[in-house]
Amino acid sequence: HYNFCSGPATLPLAVLERAQSEMLDYRGKGLSVMEMSHRSSDYMAIAEKAEADFRDLLGVPDNYSVLFMQGGAATQFSASALNLTGRGGTPNFLDTGIWSRKAMAEAERLTGAHLAGGSKSNGYTATPASDSIQLSDDAAYLHFTDNETIGGVQFDRLPEVNVPLVCDMSSSILSVPLDISRYGVIYAGAQKNIGPAGLTLVIVRNDLLEQAQDSIPSMLSWKVMAENGSMYNTPPTYAWYLAGLVFEWLKEQGGVEAMAVVNRRKAEKVYRAIDGSRLYDNPIAVGSRSIMNIPFTLKDEALNDPFLRESEAAGLLTLKGHRSVGGMRASIYNAMPEEGVDTLVDFMAAFEQRHWK
Ligand code: PLP
């Protein structure tokens, strides 16, 4: 079976097998990782290795902290506003779809927010050009959503502005190499390309740790988390361990550079299947198409149910699109094998042959 769920998403089988083999008794220690003190030397070794591998995979510079936090990416919607406005200034946002609007709504309630641009005017089919962005005079930072998981819209270049960039990378982190030094903050919920839901990775430039509001809850404070090695409280130990196994697996695959080659090829195969058909449609402008989440509609809505029924019978799971978009969505994160994509595009062509004259 191949699982095209947008998240929690499929994990590498090798990672699940390894976790299973170590679950009851971690390397002869006589207990599960789940049962270890987070302060024990065995667990600290697991945690530090995971961070080191993550830094290595993305080339995170030394002047950035990597935090293992809780509460999903949605918690960072409010955390980012509270962490970055203690010296005044207004969070600025690009609206490219549902997730960026959710992030902005949180800031709006907490600190106020300014809409600096977006793609409403083109029906959310293309990311905004840098020269269309209008920051507020007091912009504290510019927030954008690298990849809109629901709309299937992704930035192909960074917005060029003279304030720190804060990026929600939940559905695209670790899929292609990044120049971290161009970002102020990157955050990502784990449940697509990293590991189990709930765990949240934050990469933050250290000078930005000094700008939090005084009243910020400790659990949301990047500075508190950085000073405590992400162990201000009991961290999500097992999720952190599983993320570490995913990072090791990524390194075995050749790292993010190698994943990017495969990811681009996988996405191209699906878009070619859509564009070359008369039945399927994806409205996103070519330069803004997501390589991780590919929504598509069928020209006859009456075929949606047969498509879902038959694809599931063929072992292709969770292709139903988000309720706000309808149609289908294929999420093809790092852990989706290329054979899964090949099976999908073969199925799409055969389905069209059977049902669409
Ligand atoms: N941002 C993006 C781009 C997402 O795709 C999601 C979730 O699917 C979220 C934020 C919310 O993440 P979480 O459910 O971890 O809070």
# chains A, B, ... in the order shown; residues from 1 in each chain; ligands from 1

$ residues_around --residues "A:Ser288" --least-positions-apart "4" --cutoff "10 Å" --atoms "only C-alpha atoms" --output "list of chain:residue names"
A:Tyr124, A:Thr125, A:Ala126, A:Thr127, A:Pro128, A:Asn147, A:Gly152, A:Val153, A:Gln154, A:Phe155, A:Asp156, A:Arg157, A:Ile284

$ residues_near_ligand --ligand "ligand 1" --cutoff "7 Å" --atoms "only C-alpha atoms and all ligand atoms" --output "JSON, numbers by chain"
{"A": [7, 71, 72, 73, 74, 75, 99, 145, 147, 148, 149, 168, 169, 170, 171, 189, 190, 191, 197, 198, 200]}

$ residues_around --residues "A:Trp222" --least-positions-apart "4" --cutoff "8 Å" --atoms "only C-alpha atoms" --output "list of chain:residue names"
A:Leu67, A:Asn83, A:Val204, A:Leu209, A:Ala226

$ closest_residue --among "A:Ala335, A:Val202, A:Ala349, A:Val33" --to "A:Ser277" --atoms "only C-alpha atoms"
A:Ala349

$ residues_around --residues "A:Tyr271" --least-positions-apart "6" --cutoff "9 Å" --atoms "only C-alpha atoms" --output "ChimeraX atom specification"
/A:282,289,294

$ closest_residue --among "A:Ile46, A:Leu245, A:Val161, A:Val66" --to "A:Ala14" --atoms "only C-alpha atoms"
A:Leu245

$ atom_distance --atom1 "atom CA of A:Gly195" --atom2 "atom CA of A:Glu17"
13.9 Å

$ closest_atom_pairs --of "stretch 2-50 of chain A" --to "stretch 329-334 of chain A" --cutoff "12 Å" --atoms "only C-alpha atoms" --output "CSV"
residue,atom,partner,partner_atom,distance
A:Tyr2,CA,A:Ile332,CA,9.9
A:Asn3,CA,A:Ser331,CA,8.4
A:Phe4,CA,A:Ser331,CA,4.9
A:Cys5,CA,A:Ser331,CA,5.9
A:Ser6,CA,A:Ser331,CA,5.2
A:Gly7,CA,A:Ser331,CA,8.4
A:Pro8,CA,A:Ser331,CA,10.6
A:Ala9,CA,A:Tyr333,CA,7.8
A:Thr10,CA,A:Tyr333,CA,8.0
A:Leu11,CA,A:Asn334,CA,8.5
A:Pro12,CA,A:Asn334,CA,8.3
A:Leu13,CA,A:Asn334,CA,11.8

$ decode --residues "stretch 76-113 of chain A" --atoms "N, CA and C atoms" --output "short mmCIF file (atom, residue, chain, number, x, y, z; two decimals), in the first residue's frame"
data_model
loop_
_atom_site.label_atom_id
_atom_site.label_comp_id
_atom_site.auth_asym_id
_atom_site.auth_seq_id
_atom_site.Cartn_x
_atom_site.Cartn_y
_atom_site.Cartn_z
N GLN A 76 3.25 27.50 16.99
CA GLN A 76 4.23 28.50 16.57
C GLN A 76 3.59 29.72 15.89
N PHE A 77 2.33 29.58 15.45
CA PHE A 77 1.64 30.77 14.92
C PHE A 77 1.64 31.85 15.99
N SER A 78 1.25 31.47 17.22
CA SER A 78 1.24 32.47 18.30
C SER A 78 2.62 32.68 18.90
N ALA A 79 3.40 31.58 19.00
CA ALA A 79 4.75 31.72 19.59
C ALA A 79 5.57 32.73 18.79
N SER A 80 5.52 32.66 17.47
CA SER A 80 6.37 33.56 16.68
C SER A 80 6.00 35.02 16.93
N ALA A 81 4.71 35.31 17.02
CA ALA A 81 4.31 36.69 17.28
C ALA A 81 4.81 37.15 18.64
N LEU A 82 4.68 36.31 19.66
CA LEU A 82 5.07 36.71 21.02
C LEU A 82 6.59 36.77 21.18
N ASN A 83 7.31 35.93 20.45
CA ASN A 83 8.77 35.91 20.57
C ASN A 83 9.45 37.07 19.86
N LEU A 84 8.75 37.72 18.93
CA LEU A 84 9.45 38.67 18.05
C LEU A 84 8.92 40.09 18.14
N THR A 85 8.03 40.37 19.10
CA THR A 85 7.46 41.72 19.16
C THR A 85 7.69 42.41 20.50
N GLY A 86 8.60 41.88 21.32
CA GLY A 86 8.86 42.48 22.63
C GLY A 86 9.49 43.86 22.54
N ARG A 87 10.09 44.16 21.40
CA ARG A 87 10.67 45.50 21.22
C ARG A 87 9.81 46.35 20.29
N GLY A 88 8.55 45.98 20.20
CA GLY A 88 7.64 46.72 19.33
C GLY A 88 7.65 46.12 17.94
N GLY A 89 6.94 46.80 17.06
CA GLY A 89 6.87 46.31 15.69
C GLY A 89 5.68 45.41 15.47
N THR A 90 5.29 45.32 14.22
CA THR A 90 4.10 44.56 13.84
C THR A 90 4.48 43.38 12.95
N PRO A 91 3.98 42.19 13.25
CA PRO A 91 4.18 41.06 12.35
C PRO A 91 3.54 41.32 10.99
N ASN A 92 4.25 41.05 9.94
CA ASN A 92 3.73 41.20 8.58
C ASN A 92 3.56 39.80 7.96
N PHE A 93 2.56 39.69 7.11
CA PHE A 93 2.23 38.36 6.56
C PHE A 93 2.01 38.41 5.05
N LEU A 94 2.37 37.30 4.40
CA LEU A 94 1.93 37.06 3.03
C LEU A 94 0.80 36.03 3.09
N ASP A 95 -0.28 36.33 2.42
CA ASP A 95 -1.43 35.42 2.39
C ASP A 95 -1.40 34.61 1.10
N THR A 96 -1.00 33.34 1.23
CA THR A 96 -0.97 32.48 0.04
C THR A 96 -1.94 31.31 0.16
N GLY A 97 -2.76 31.34 1.23
CA GLY A 97 -3.72 30.25 1.37
C GLY A 97 -4.10 30.04 2.83
N ILE A 98 -4.71 28.89 3.06
CA ILE A 98 -5.35 28.62 4.36
C ILE A 98 -4.37 28.68 5.52
N TRP A 99 -3.18 28.08 5.37
CA TRP A 99 -2.26 28.03 6.51
C TRP A 99 -1.67 29.40 6.83
N SER A 100 -1.36 30.18 5.81
CA SER A 100 -0.80 31.50 6.11
C SER A 100 -1.86 32.39 6.76
N ARG A 101 -3.11 32.20 6.36
CA ARG A 101 -4.17 33.02 6.99
C ARG A 101 -4.39 32.60 8.44
N LYS A 102 -4.27 31.31 8.71
CA LYS A 102 -4.41 30.86 10.10
C LYS A 102 -3.29 31.44 10.96
N ALA A 103 -2.09 31.47 10.42
CA ALA A 103 -0.97 32.03 11.17
C ALA A 103 -1.22 33.51 11.44
N MET A 104 -1.68 34.22 10.44
CA MET A 104 -1.92 35.66 10.59
C MET A 104 -3.03 35.93 11.60
N ALA A 105 -4.06 35.10 11.59
CA ALA A 105 -5.19 35.31 12.50
C ALA A 105 -4.73 35.23 13.96
N GLU A 106 -3.80 34.34 14.25
CA GLU A 106 -3.30 34.23 15.63
C GLU A 106 -2.55 35.49 16.02
N ALA A 107 -1.68 35.97 15.14
CA ALA A 107 -0.92 37.18 15.44
C ALA A 107 -1.85 38.38 15.59
N GLU A 108 -2.86 38.41 14.76
CA GLU A 108 -3.79 39.54 14.78
C GLU A 108 -4.42 39.68 16.18
N ARG A 109 -4.79 38.58 16.79
CA ARG A 109 -5.42 38.63 18.11
C ARG A 109 -4.42 39.02 19.19
N LEU A 110 -3.15 38.56 19.03
CA LEU A 110 -2.18 38.73 20.10
C LEU A 110 -1.44 40.06 20.04
N THR A 111 -1.03 40.44 18.84
CA THR A 111 -0.11 41.58 18.70
C THR A 111 -0.54 42.57 17.63
N GLY A 112 -1.56 42.21 16.87
CA GLY A 112 -1.86 42.95 15.66
C GLY A 112 -1.02 42.40 14.52
N ALA A 113 -1.49 42.56 13.31
CA ALA A 113 -0.77 42.01 12.16
C ALA A 113 -1.06 42.86 10.94
#
